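Trainee: File coords03.pdb below, PDB, C-alpha atoms:
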```pdb
MODEL        1
ATOM      1  CA  MET A1163     138.794 119.328 111.578  1.00  0.00           C
ATOM      2  CA  ALA A1164     137.219 116.105 110.370  1.00  0.00           C
ATOM      3  CA  SER A1165     136.170 113.297 112.709  1.00  0.00           C
ATOM      4  CA  VAL A1166     135.868 109.827 111.199  1.00  0.00           C
ATOM      5  CA  ARG A1167     134.337 106.464 111.984  1.00  0.00           C
ATOM      6  CA  ALA A1168     133.826 103.358 109.882  1.00  0.00           C
ATOM      7  CA  ARG A1169     130.496 102.014 108.743  1.00  0.00           C
ATOM      8  CA  GLY A1170     130.658  98.332 107.985  1.00  0.00           C
ATOM      9  CA  TYR A1171     129.605  96.675 104.735  1.00  0.00           C
ATOM     10  CA  ALA A1172     129.823  93.106 103.576  1.00  0.00           C
ATOM     11  CA  GLY A1173     133.053  92.424 101.706  1.00  0.00           C
ATOM     12  CA  ALA A1174     136.299  94.343 101.690  1.00  0.00           C
ATOM     13  CA  MET A1175     134.892  97.778 100.908  1.00  0.00           C
ATOM     14  CA  GLN A1176     133.248  99.991 103.494  1.00  0.00           C
ATOM     15  CA  GLU A1177     131.843 103.477 103.787  1.00  0.00           C
ATOM     16  CA  ILE A1178     133.299 105.684 106.483  1.00  0.00           C
ATOM     17  CA  THR A1179     131.370 108.501 108.144  1.00  0.00           C
ATOM     18  CA  GLY A1180     132.352 111.639 109.966  1.00  0.00           C
ATOM     19  CA  HIS A1181     131.843 115.336 110.555  1.00  0.00           C
ATOM     20  CA  LEU A1182     133.729 118.350 109.268  1.00  0.00           C
ATOM     21  CA  GLU A1183     133.681 121.358 111.593  1.00  0.00           C
ATOM     22  CA  ARG A1184     132.810 124.598 109.819  1.00  0.00           C
ATOM     23  CA  GLU A1185     132.603 128.214 110.940  1.00  0.00           C
ATOM     24  CA  ALA A1186     130.950 128.845 114.302  1.00  0.00           C
ATOM     25  CA  GLY A1187     131.414 125.171 115.136  1.00  0.00           C
ATOM     26  CA  VAL A1188     128.769 123.930 112.701  1.00  0.00           C
ATOM     27  CA  PRO A1189     129.458 120.219 111.974  1.00  0.00           C
ATOM     28  CA  LEU A1190     128.818 118.935 108.464  1.00  0.00           C
ATOM     29  CA  ALA A1191     128.012 115.231 108.245  1.00  0.00           C
ATOM     30  CA  TRP A1192     129.613 113.183 105.480  1.00  0.00           C
ATOM     31  CA  ARG A1193     130.036 109.620 104.244  1.00  0.00           C
ATOM     32  CA  ALA A1194     132.830 108.446 101.970  1.00  0.00           C
ATOM     33  CA  VAL A1195     134.145 105.397 100.166  1.00  0.00           C
ATOM     34  CA  GLU A1196     137.891 105.202  99.722  1.00  0.00           C
ATOM     35  CA  GLY A1197     138.858 103.880  96.305  1.00  0.00           C
ATOM     36  CA  ARG A1198     140.289 104.709  92.922  1.00  0.00           C
ATOM     37  CA  GLY A1199     139.711 108.053  91.260  1.00  0.00           C
ATOM     38  CA  PRO A1200     138.235 110.125  89.983  1.00  0.00           C
ATOM     39  CA  THR A1201     136.236 110.769  93.139  1.00  0.00           C
ATOM     40  CA  VAL A1202     132.499 110.987  92.562  1.00  0.00           C
ATOM     41  CA  VAL A1203     130.896 113.659  94.769  1.00  0.00           C
ATOM     42  CA  TRP A1204     127.156 113.771  95.345  1.00  0.00           C
ATOM     43  CA  LEU A1205     125.547 117.223  95.762  1.00  0.00           C
ATOM     44  CA  GLY A1206     121.985 116.943  96.987  1.00  0.00           C
ATOM     45  CA  GLY A1207     119.030 119.213  96.412  1.00  0.00           C
ATOM     46  CA  PHE A1208     117.362 121.984  98.373  1.00  0.00           C
ATOM     47  CA  ARG A1209     115.967 120.596 101.657  1.00  0.00           C
ATOM     48  CA  SER A1210     117.203 117.117 100.692  1.00  0.00           C
ATOM     49  CA  ASP A1211     119.838 114.969 102.387  1.00  0.00           C
ATOM     50  CA  MET A1212     122.530 112.433 101.609  1.00  0.00           C
ATOM     51  CA  THR A1213     120.421 109.366 102.424  1.00  0.00           C
ATOM     52  CA  GLY A1214     118.151 109.601  99.377  1.00  0.00           C
ATOM     53  CA  THR A1215     117.690 106.930  96.738  1.00  0.00           C
ATOM     54  CA  LYS A1216     120.080 108.399  94.160  1.00  0.00           C
ATOM     55  CA  ALA A1217     122.833 109.081  96.705  1.00  0.00           C
ATOM     56  CA  GLN A1218     122.559 105.543  98.071  1.00  0.00           C
ATOM     57  CA  ALA A1219     122.664 104.059  94.568  1.00  0.00           C
ATOM     58  CA  LEU A1220     125.893 105.959  93.884  1.00  0.00           C
ATOM     59  CA  ALA A1221     127.364 104.754  97.177  1.00  0.00           C
ATOM     60  CA  ASP A1222     126.476 101.169  96.288  1.00  0.00           C
ATOM     61  CA  GLN A1223     128.014 101.650  92.840  1.00  0.00           C
ATOM     62  CA  ALA A1224     131.222 102.937  94.430  1.00  0.00           C
ATOM     63  CA  LEU A1225     131.391 100.056  96.895  1.00  0.00           C
ATOM     64  CA  ALA A1226     130.853  97.517  94.136  1.00  0.00           C
ATOM     65  CA  SER A1227     133.413  99.034  91.769  1.00  0.00           C
ATOM     66  CA  GLY A1228     136.086 100.216  94.198  1.00  0.00           C
ATOM     67  CA  ARG A1229     135.545 103.843  93.188  1.00  0.00           C
ATOM     68  CA  ALA A1230     136.109 106.805  95.521  1.00  0.00           C
ATOM     69  CA  PHE A1231     132.868 108.516  96.537  1.00  0.00           C
ATOM     70  CA  LEU A1232     131.773 111.329  98.849  1.00  0.00           C
ATOM     71  CA  ARG A1233     128.311 112.451  99.930  1.00  0.00           C
ATOM     72  CA  PHE A1234     127.426 114.985 102.626  1.00  0.00           C
ATOM     73  CA  ASP A1235     124.721 117.250 104.031  1.00  0.00           C
ATOM     74  CA  TYR A1236     124.888 121.020 103.718  1.00  0.00           C
ATOM     75  CA  SER A1237     124.465 123.077 106.878  1.00  0.00           C
ATOM     76  CA  GLY A1238     120.857 123.016 108.050  1.00  0.00           C
ATOM     77  CA  HIS A1239     120.218 119.798 106.120  1.00  0.00           C
ATOM     78  CA  GLY A1240     119.979 116.164 107.176  1.00  0.00           C
ATOM     79  CA  GLU A1241     122.535 115.079 109.777  1.00  0.00           C
ATOM     80  CA  SER A1242     124.538 118.318 109.656  1.00  0.00           C
ATOM     81  CA  GLY A1243     124.341 121.099 112.216  1.00  0.00           C
ATOM     82  CA  GLY A1244     123.164 124.609 111.620  1.00  0.00           C
ATOM     83  CA  VAL A1245     119.781 126.208 110.992  1.00  0.00           C
ATOM     84  CA  PHE A1246     118.171 125.834 107.568  1.00  0.00           C
ATOM     85  CA  THR A1247     117.035 129.453 107.375  1.00  0.00           C
ATOM     86  CA  ASP A1248     120.602 130.660 108.011  1.00  0.00           C
ATOM     87  CA  GLY A1249     121.744 128.997 104.794  1.00  0.00           C
ATOM     88  CA  THR A1250     122.220 130.618 101.405  1.00  0.00           C
ATOM     89  CA  ILE A1251     123.462 129.511  98.009  1.00  0.00           C
ATOM     90  CA  GLY A1252     126.794 131.106  98.852  1.00  0.00           C
ATOM     91  CA  SER A1253     127.117 129.338 102.201  1.00  0.00           C
ATOM     92  CA  TRP A1254     126.184 125.951 100.718  1.00  0.00           C
ATOM     93  CA  ARG A1255     128.682 126.533  97.901  1.00  0.00           C
ATOM     94  CA  ALA A1256     131.288 127.213 100.597  1.00  0.00           C
ATOM     95  CA  ASP A1257     130.263 124.004 102.414  1.00  0.00           C
ATOM     96  CA  THR A1258     130.761 122.050  99.204  1.00  0.00           C
ATOM     97  CA  LEU A1259     134.179 123.546  98.479  1.00  0.00           C
ATOM     98  CA  ALA A1260     135.285 122.873 102.064  1.00  0.00           C
ATOM     99  CA  MET A1261     134.224 119.257 101.718  1.00  0.00           C
ATOM    100  CA  ILE A1262     136.064 118.599  98.453  1.00  0.00           C
ATOM    101  CA  ASP A1263     139.138 120.583  99.507  1.00  0.00           C
ATOM    102  CA  THR A1264     139.422 118.773 102.851  1.00  0.00           C
ATOM    103  CA  LEU A1265     138.215 115.253 102.113  1.00  0.00           C
ATOM    104  CA  THR A1266     139.226 114.556  98.506  1.00  0.00           C
ATOM    105  CA  THR A1267     142.298 114.690  96.309  1.00  0.00           C
ATOM    106  CA  GLY A1268     142.794 114.586  92.569  1.00  0.00           C
ATOM    107  CA  ALA A1269     140.173 114.577  89.843  1.00  0.00           C
ATOM    108  CA  LEU A1270     136.472 114.948  90.634  1.00  0.00           C
ATOM    109  CA  ILE A1271     133.191 114.050  88.958  1.00  0.00           C
ATOM    110  CA  LEU A1272     130.431 116.157  90.522  1.00  0.00           C
ATOM    111  CA  VAL A1273     126.924 114.689  90.478  1.00  0.00           C
ATOM    112  CA  GLY A1274     124.334 117.291  91.403  1.00  0.00           C
ATOM    113  CA  SER A1275     120.576 117.012  91.767  1.00  0.00           C
ATOM    114  CA  SER A1276     118.283 120.050  91.499  1.00  0.00           C
ATOM    115  CA  MET A1277     119.987 122.791  93.587  1.00  0.00           C
ATOM    116  CA  GLY A1278     122.996 120.465  93.694  1.00  0.00           C
ATOM    117  CA  GLY A1279     123.251 120.789  89.921  1.00  0.00           C
ATOM    118  CA  TRP A1280     123.587 124.553  90.286  1.00  0.00           C
ATOM    119  CA  LEU A1281     126.168 124.139  93.053  1.00  0.00           C
ATOM    120  CA  ALA A1282     128.075 121.621  90.923  1.00  0.00           C
ATOM    121  CA  CYS A1283     128.407 124.237  88.187  1.00  0.00           C
ATOM    122  CA  LEU A1284     129.517 126.890  90.676  1.00  0.00           C
ATOM    123  CA  CYS A1285     132.139 124.539  92.119  1.00  0.00           C
ATOM    124  CA  ALA A1286     133.369 123.564  88.654  1.00  0.00           C
ATOM    125  CA  LEU A1287     133.952 127.255  87.994  1.00  0.00           C
ATOM    126  CA  ALA A1288     135.773 127.611  91.334  1.00  0.00           C
ATOM    127  CA  ARG A1289     137.938 124.465  90.941  1.00  0.00           C
ATOM    128  CA  PRO A1290     138.501 124.096  87.172  1.00  0.00           C
ATOM    129  CA  ASP A1291     141.780 122.249  87.725  1.00  0.00           C
ATOM    130  CA  ARG A1292     140.066 119.458  89.666  1.00  0.00           C
ATOM    131  CA  VAL A1293     136.552 119.016  88.287  1.00  0.00           C
ATOM    132  CA  LYS A1294     136.720 116.772  85.213  1.00  0.00           C
ATOM    133  CA  GLY A1295     133.041 116.156  84.553  1.00  0.00           C
ATOM    134  CA  LEU A1296     129.495 116.983  85.644  1.00  0.00           C
ATOM    135  CA  VAL A1297     126.395 114.808  85.863  1.00  0.00           C
ATOM    136  CA  LEU A1298     123.367 117.018  86.525  1.00  0.00           C
ATOM    137  CA  VAL A1299     119.901 115.745  87.454  1.00  0.00           C
ATOM    138  CA  ALA A1300     117.122 118.309  86.925  1.00  0.00           C
ATOM    139  CA  PRO A1301     119.611 121.146  87.471  1.00  0.00           C
ATOM    140  CA  ALA A1302     117.899 124.098  89.140  1.00  0.00           C
ATOM    141  CA  ALA A1303     120.241 126.953  88.238  1.00  0.00           C
ATOM    142  CA  ASP A1304     119.078 130.330  89.584  1.00  0.00           C
ATOM    143  CA  PHE A1305     115.931 128.708  90.989  1.00  0.00           C
ATOM    144  CA  PRO A1306     115.094 131.249  93.732  1.00  0.00           C
ATOM    145  CA  GLN A1307     114.879 134.187  91.333  1.00  0.00           C
ATOM    146  CA  ALA A1308     113.919 132.273  88.184  1.00  0.00           C
ATOM    147  CA  LEU A1309     111.397 129.771  89.580  1.00  0.00           C
ATOM    148  CA  MET A1310     110.326 130.824  93.093  1.00  0.00           C
ATOM    149  CA  VAL A1311     109.872 134.583  92.853  1.00  0.00           C
ATOM    150  CA  PRO A1312     107.592 134.466  89.773  1.00  0.00           C
ATOM    151  CA  GLU A1313     105.142 132.169  91.581  1.00  0.00           C
ATOM    152  CA  MET A1314     104.705 134.514  94.555  1.00  0.00           C
ATOM    153  CA  SER A1315     101.312 136.126  94.975  1.00  0.00           C
ATOM    154  CA  ALA A1316     100.764 139.684  96.191  1.00  0.00           C
ATOM    155  CA  GLN A1317      99.914 138.194  99.592  1.00  0.00           C
ATOM    156  CA  ASP A1318     103.195 136.236  99.608  1.00  0.00           C
ATOM    157  CA  ARG A1319     105.179 139.358  98.767  1.00  0.00           C
ATOM    158  CA  ALA A1320     103.427 141.297 101.515  1.00  0.00           C
ATOM    159  CA  ALA A1321     104.218 138.564 104.052  1.00  0.00           C
ATOM    160  CA  LEU A1322     107.857 138.533 102.969  1.00  0.00           C
ATOM    161  CA  ALA A1323     108.102 142.319 103.285  1.00  0.00           C
ATOM    162  CA  ARG A1324     106.384 142.280 106.670  1.00  0.00           C
ATOM    163  CA  ASP A1325     107.984 139.224 108.283  1.00  0.00           C
ATOM    164  CA  GLY A1326     111.151 138.674 106.264  1.00  0.00           C
ATOM    165  CA  VAL A1327     109.924 135.118 105.617  1.00  0.00           C
ATOM    166  CA  TRP A1328     107.610 133.520 103.061  1.00  0.00           C
ATOM    167  CA  MET A1329     106.113 130.152 103.953  1.00  0.00           C
ATOM    168  CA  ARG A1330     106.270 128.448 100.582  1.00  0.00           C
ATOM    169  CA  PRO A1331     103.817 125.570  99.963  1.00  0.00           C
ATOM    170  CA  SER A1332     105.311 122.204  99.060  1.00  0.00           C
ATOM    171  CA  GLU A1333     103.998 119.124  97.277  1.00  0.00           C
ATOM    172  CA  TYR A1334     106.338 117.043  99.448  1.00  0.00           C
ATOM    173  CA  GLY A1335     105.154 118.104 102.914  1.00  0.00           C
ATOM    174  CA  ASP A1336     104.430 121.146 105.062  1.00  0.00           C
ATOM    175  CA  PRO A1337     105.161 124.694 103.879  1.00  0.00           C
ATOM    176  CA  TYR A1338     108.742 125.741 104.518  1.00  0.00           C
ATOM    177  CA  PRO A1339     110.386 129.108 105.164  1.00  0.00           C
ATOM    178  CA  ILE A1340     112.070 131.163 102.448  1.00  0.00           C
ATOM    179  CA  THR A1341     113.774 134.283 103.730  1.00  0.00           C
ATOM    180  CA  GLY A1342     114.231 137.546 101.897  1.00  0.00           C
ATOM    181  CA  ARG A1343     117.947 137.234 102.590  1.00  0.00           C
ATOM    182  CA  PHE A1344     118.046 133.870 100.802  1.00  0.00           C
ATOM    183  CA  LEU A1345     116.243 135.247  97.753  1.00  0.00           C
ATOM    184  CA  ASP A1346     118.408 138.365  97.556  1.00  0.00           C
ATOM    185  CA  GLU A1347     121.717 136.544  98.072  1.00  0.00           C
ATOM    186  CA  SER A1348     120.925 133.935  95.450  1.00  0.00           C
ATOM    187  CA  ALA A1349     121.111 136.561  92.706  1.00  0.00           C
ATOM    188  CA  THR A1350     124.843 136.853  93.421  1.00  0.00           C
ATOM    189  CA  TRP A1351     125.356 133.371  91.966  1.00  0.00           C
ATOM    190  CA  SER A1352     123.180 133.589  88.848  1.00  0.00           C
ATOM    191  CA  LEU A1353     124.429 131.671  85.813  1.00  0.00           C
ATOM    192  CA  LEU A1354     121.718 132.414  83.274  1.00  0.00           C
ATOM    193  CA  PRO A1355     121.458 133.505  80.552  1.00  0.00           C
ATOM    194  CA  GLY A1356     125.173 132.782  80.308  1.00  0.00           C
ATOM    195  CA  PRO A1357     127.522 132.066  78.738  1.00  0.00           C
ATOM    196  CA  VAL A1358     128.873 129.803  81.494  1.00  0.00           C
ATOM    197  CA  GLY A1359     132.541 128.992  80.967  1.00  0.00           C
ATOM    198  CA  ILE A1360     132.481 125.299  81.821  1.00  0.00           C
ATOM    199  CA  ASP A1361     134.275 123.354  79.098  1.00  0.00           C
ATOM    200  CA  LEU A1362     134.324 119.758  80.263  1.00  0.00           C
ATOM    201  CA  PRO A1363     132.106 116.694  79.732  1.00  0.00           C
ATOM    202  CA  VAL A1364     128.570 117.306  80.995  1.00  0.00           C
ATOM    203  CA  ARG A1365     125.628 114.932  81.171  1.00  0.00           C
ATOM    204  CA  ILE A1366     122.160 116.253  82.035  1.00  0.00           C
ATOM    205  CA  LEU A1367     119.251 114.006  82.998  1.00  0.00           C
ATOM    206  CA  GLN A1368     115.921 115.837  83.033  1.00  0.00           C
ATOM    207  CA  GLY A1369     112.318 114.806  83.500  1.00  0.00           C
ATOM    208  CA  GLY A1370     109.826 115.994  80.904  1.00  0.00           C
ATOM    209  CA  ALA A1371     107.037 115.967  83.519  1.00  0.00           C
ATOM    210  CA  ASP A1372     109.075 117.750  86.214  1.00  0.00           C
ATOM    211  CA  PRO A1373     106.724 120.184  88.065  1.00  0.00           C
ATOM    212  CA  ASP A1374     109.583 121.890  89.944  1.00  0.00           C
ATOM    213  CA  VAL A1375     112.239 122.453  87.260  1.00  0.00           C
ATOM    214  CA  PRO A1376     110.607 122.692  83.823  1.00  0.00           C
ATOM    215  CA  TRP A1377     112.661 120.908  81.207  1.00  0.00           C
ATOM    216  CA  ARG A1378     113.060 124.116  79.219  1.00  0.00           C
ATOM    217  CA  HIS A1379     114.750 125.711  82.245  1.00  0.00           C
ATOM    218  CA  ALA A1380     117.268 122.857  82.399  1.00  0.00           C
ATOM    219  CA  LEU A1381     117.751 123.146  78.648  1.00  0.00           C
ATOM    220  CA  ALA A1382     118.538 126.859  79.061  1.00  0.00           C
ATOM    221  CA  LEU A1383     121.423 125.881  81.330  1.00  0.00           C
ATOM    222  CA  ALA A1384     122.631 123.315  78.792  1.00  0.00           C
ATOM    223  CA  GLU A1385     122.592 125.990  76.096  1.00  0.00           C
ATOM    224  CA  ALA A1386     124.447 128.448  78.356  1.00  0.00           C
ATOM    225  CA  LEU A1387     127.315 126.057  79.122  1.00  0.00           C
ATOM    226  CA  THR A1388     130.279 126.331  76.767  1.00  0.00           C
ATOM    227  CA  ALA A1389     130.964 122.587  77.093  1.00  0.00           C
ATOM    228  CA  GLN A1390     131.406 120.881  73.726  1.00  0.00           C
ATOM    229  CA  HIS A1391     130.912 117.347  75.096  1.00  0.00           C
ATOM    230  CA  LEU A1392     127.407 117.758  76.509  1.00  0.00           C
ATOM    231  CA  VAL A1393     124.491 115.313  76.397  1.00  0.00           C
ATOM    232  CA  PHE A1394     120.976 116.408  77.383  1.00  0.00           C
ATOM    233  CA  SER A1395     118.766 113.391  78.073  1.00  0.00           C
ATOM    234  CA  LEU A1396     115.037 114.100  78.402  1.00  0.00           C
ATOM    235  CA  VAL A1397     112.983 111.433  80.157  1.00  0.00           C
ATOM    236  CA  ARG A1398     109.564 112.337  78.775  1.00  0.00           C
ATOM    237  CA  ASP A1399     107.532 110.857  81.653  1.00  0.00           C
ATOM    238  CA  GLY A1400     110.112 111.590  84.347  1.00  0.00           C
ATOM    239  CA  ASP A1401     109.328 113.673  87.439  1.00  0.00           C
ATOM    240  CA  HIS A1402     111.646 115.913  89.449  1.00  0.00           C
ATOM    241  CA  ARG A1403     113.185 113.239  91.618  1.00  0.00           C
ATOM    242  CA  LEU A1404     114.013 110.767  88.827  1.00  0.00           C
ATOM    243  CA  SER A1405     114.403 107.984  91.383  1.00  0.00           C
ATOM    244  CA  ARG A1406     112.646 105.126  89.570  1.00  0.00           C
ATOM    245  CA  PRO A1407     114.824 102.087  88.801  1.00  0.00           C
ATOM    246  CA  GLN A1408     115.103 103.036  85.126  1.00  0.00           C
ATOM    247  CA  ASP A1409     116.088 106.606  86.071  1.00  0.00           C
ATOM    248  CA  ILE A1410     118.736 105.372  88.505  1.00  0.00           C
ATOM    249  CA  GLU A1411     120.108 103.103  85.781  1.00  0.00           C
ATOM    250  CA  ARG A1412     120.520 106.087  83.463  1.00  0.00           C
ATOM    251  CA  LEU A1413     122.229 108.093  86.205  1.00  0.00           C
ATOM    252  CA  LEU A1414     124.706 105.342  87.039  1.00  0.00           C
ATOM    253  CA  ALA A1415     125.484 104.840  83.353  1.00  0.00           C
ATOM    254  CA  PHE A1416     126.340 108.539  82.978  1.00  0.00           C
ATOM    255  CA  VAL A1417     128.643 108.355  86.002  1.00  0.00           C
ATOM    256  CA  ASP A1418     130.364 105.249  84.653  1.00  0.00           C
ATOM    257  CA  GLU A1419     130.826 106.956  81.292  1.00  0.00           C
ATOM    258  CA  LEU A1420     132.490 110.048  82.734  1.00  0.00           C
ATOM    259  CA  CYS A1421     134.643 108.104  85.176  1.00  0.00           C
ATOM    260  CA  GLY A1422     136.044 106.036  82.316  1.00  0.00           C
TER     261      GLY A1422
ENDMDL
END
```
Output the file's structure as structure tokens, nothing else.

Mentor:
Amino acid sequence: MASVRARGYAGAMQEITGHLEREAGVPLAWRAVEGRGPTVVWLGGFRSDMTGTKAQALADQALASGRAFLRFDYSGHGESGGVFTDGTIGSWRADTLAMIDTLTTGALILVGSSMGGWLACLCALARPDRVKGLVLVAPAADFPQALMVPEMSAQDRAALARDGVWMRPSEYGDPYPITGRFLDESATWSLLPGPVGIDLPVRILQGGADPDVPWRHALALAEALTAQHLVFSLVRDGDHRLSRPQDIERLLAFVDELCG
């Protein structure tokens, strides 16, 4: 069940907010703009939330243009309930499908950042009749097995085997927990090396100086997709977040292009 309240904005358009109750009573927080389709859906990254710079820019774009838009927090993220370490790629995929199935109708353009880019691909495969385009920012397909596991030291592996948890260092704050269950489950959803049967317009925005998702990893996903209408845009000096004004401008232009 979804609960809803309005969030006021200047002018006629407004963003409404609410919660969608999931299994075990876990509430997922969301914000939406009601407007014309296709609906743009923002899928955030691992340990991110729906209040970030890119998500807000897309909300502002929707409000200004009268376009339908949805953003939300996965379980264990941001304003949603649940415990972060209980989450997996499969459970966050299920959160995403529940959101779009319950709160949207008609055609969708999925905009995914980092882990959200992986989830966008998984949801496009699950809802091929509804997803009409993908905009992926530094897409981190298969990142637990492809990018995290190789960086683990012998000491990290021993801690994971002993405690079931690896405290992974982060450039963005304190170390955070990665469970063995999360790493093992993630392999269920691997896309690479492909092929990945997604044949719809895809736009990929990737930073050449991204320390978290190397541009060659994002390119491997682009090469694995069967999409014929795919553009891979490399921002040579761009980082992982790609939240500078010029990066946001590129992102919004891609969304406008696919929305038509």

Trainee: Might I get the box with edges along x, y and z of the file that holds all atoms of stretch 1295-1314 of chain A listed there, padded by 6 Å on every side, given as centre and edge lengths in Å to one decimal, as lines of an AutoDock Vina configuration file?

Mentor:
```
center_x = 118.9
center_y = 124.7
center_z = 89.6
size_x = 40.3
size_y = 31.8
size_z = 22.0
```

Trainee: Please, which residues are within 8 Å of (113.6, 128.1, 95.6) by the file's coordinates, counting all atoms listed in the file, and could they come as a list in words?

Mentor: Phe1208, Phe1305, Pro1306, Gln1307, Leu1309, Met1310, Val1311, Ile1340 and Leu1345 of chain A

Trainee: Which residues are close to A:Ala1323, i.e. within 12 Å by all atoms listed in the file, leaving aside same-chain residues fewer than 3 positions away? Reply as a list in words.

Mentor: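 Within the cut-off, the hits are Ala1316, Gln1317, Asp1318, Arg1319, Ala1320, Gly1326, Val1327, Trp1328, Ile1340, Thr1341, Gly1342 and Arg1343 of chain A.
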
Trainee: For each of A:Gly1228, A:Leu1353, A:Lys1216, A:Thr1247, take the minimum atom-to-atom distance to A:Gln1408, counting all atoms listed in the file, then give the residue where this is smallest.

Mentor: A:Lys1216

Trainee: Take the PyMOL selection byres ((chain A and resi 1405) around 12), run it mentally on this structure, and tell me the resulting residues as a ChimeraX atom specification.

Mentor: /A:1214-1220,1275,1299-1300,1367-1369,1397,1400-1404,1406-1414

Trainee: Using only C-alpha atoms, please write the residues we just selected to a file, as a PDB file, in the coordinates of the input.

Mentor:
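Written out: selection-v5.pdb:
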```
ATOM      1  CA  GLY A1214     118.151 109.601  99.377  1.00  0.00           C
ATOM      2  CA  THR A1215     117.690 106.930  96.738  1.00  0.00           C
ATOM      3  CA  LYS A1216     120.080 108.399  94.160  1.00  0.00           C
ATOM      4  CA  ALA A1217     122.833 109.081  96.705  1.00  0.00           C
ATOM      5  CA  GLN A1218     122.559 105.543  98.071  1.00  0.00           C
ATOM      6  CA  ALA A1219     122.664 104.059  94.568  1.00  0.00           C
ATOM      7  CA  LEU A1220     125.893 105.959  93.884  1.00  0.00           C
ATOM      8  CA  SER A1275     120.576 117.012  91.767  1.00  0.00           C
ATOM      9  CA  VAL A1299     119.901 115.745  87.454  1.00  0.00           C
ATOM     10  CA  ALA A1300     117.122 118.309  86.925  1.00  0.00           C
ATOM     11  CA  LEU A1367     119.251 114.006  82.998  1.00  0.00           C
ATOM     12  CA  GLN A1368     115.921 115.837  83.033  1.00  0.00           C
ATOM     13  CA  GLY A1369     112.318 114.806  83.500  1.00  0.00           C
ATOM     14  CA  VAL A1397     112.983 111.433  80.157  1.00  0.00           C
ATOM     15  CA  GLY A1400     110.112 111.590  84.347  1.00  0.00           C
ATOM     16  CA  ASP A1401     109.328 113.673  87.439  1.00  0.00           C
ATOM     17  CA  HIS A1402     111.646 115.913  89.449  1.00  0.00           C
ATOM     18  CA  ARG A1403     113.185 113.239  91.618  1.00  0.00           C
ATOM     19  CA  LEU A1404     114.013 110.767  88.827  1.00  0.00           C
ATOM     20  CA  ARG A1406     112.646 105.126  89.570  1.00  0.00           C
ATOM     21  CA  PRO A1407     114.824 102.087  88.801  1.00  0.00           C
ATOM     22  CA  GLN A1408     115.103 103.036  85.126  1.00  0.00           C
ATOM     23  CA  ASP A1409     116.088 106.606  86.071  1.00  0.00           C
ATOM     24  CA  ILE A1410     118.736 105.372  88.505  1.00  0.00           C
ATOM     25  CA  GLU A1411     120.108 103.103  85.781  1.00  0.00           C
ATOM     26  CA  ARG A1412     120.520 106.087  83.463  1.00  0.00           C
ATOM     27  CA  LEU A1413     122.229 108.093  86.205  1.00  0.00           C
ATOM     28  CA  LEU A1414     124.706 105.342  87.039  1.00  0.00           C
TER      29      LEU A1414
END
```

Trainee: Could you list, as a list in words, every residue within 9 Å of stretch 1185-1192 of chain A, counting all atoms listed in the file and ignoring same-chain residues fewer than 2 positions away?

Mentor: Ala1164, Ile1178, Thr1179, Gly1180, His1181, Leu1182, Glu1183, Ala1194, Met1212, Leu1232, Arg1233, Phe1234, Asp1235, Tyr1236, Ser1237, Gly1238, His1239, Gly1240, Glu1241, Ser1242, Gly1243, Gly1244, Asp1257 and Met1261 of chain A

Trainee: What does the structure give for the distance between atom CA of A:Asp1304 and atom CA of A:Asp1336, in Å to one decimal?

Mentor: 23.2 Å

Trainee: For the atom pair atom CA of A:Arg1365 and atom CA of A:Ala1308, what is the interatomic distance in Å to one decimal place?

Mentor: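 Taking atom CA of A:Arg1365 and atom CA of A:Ala1308, their separation equals 22.1 Å.
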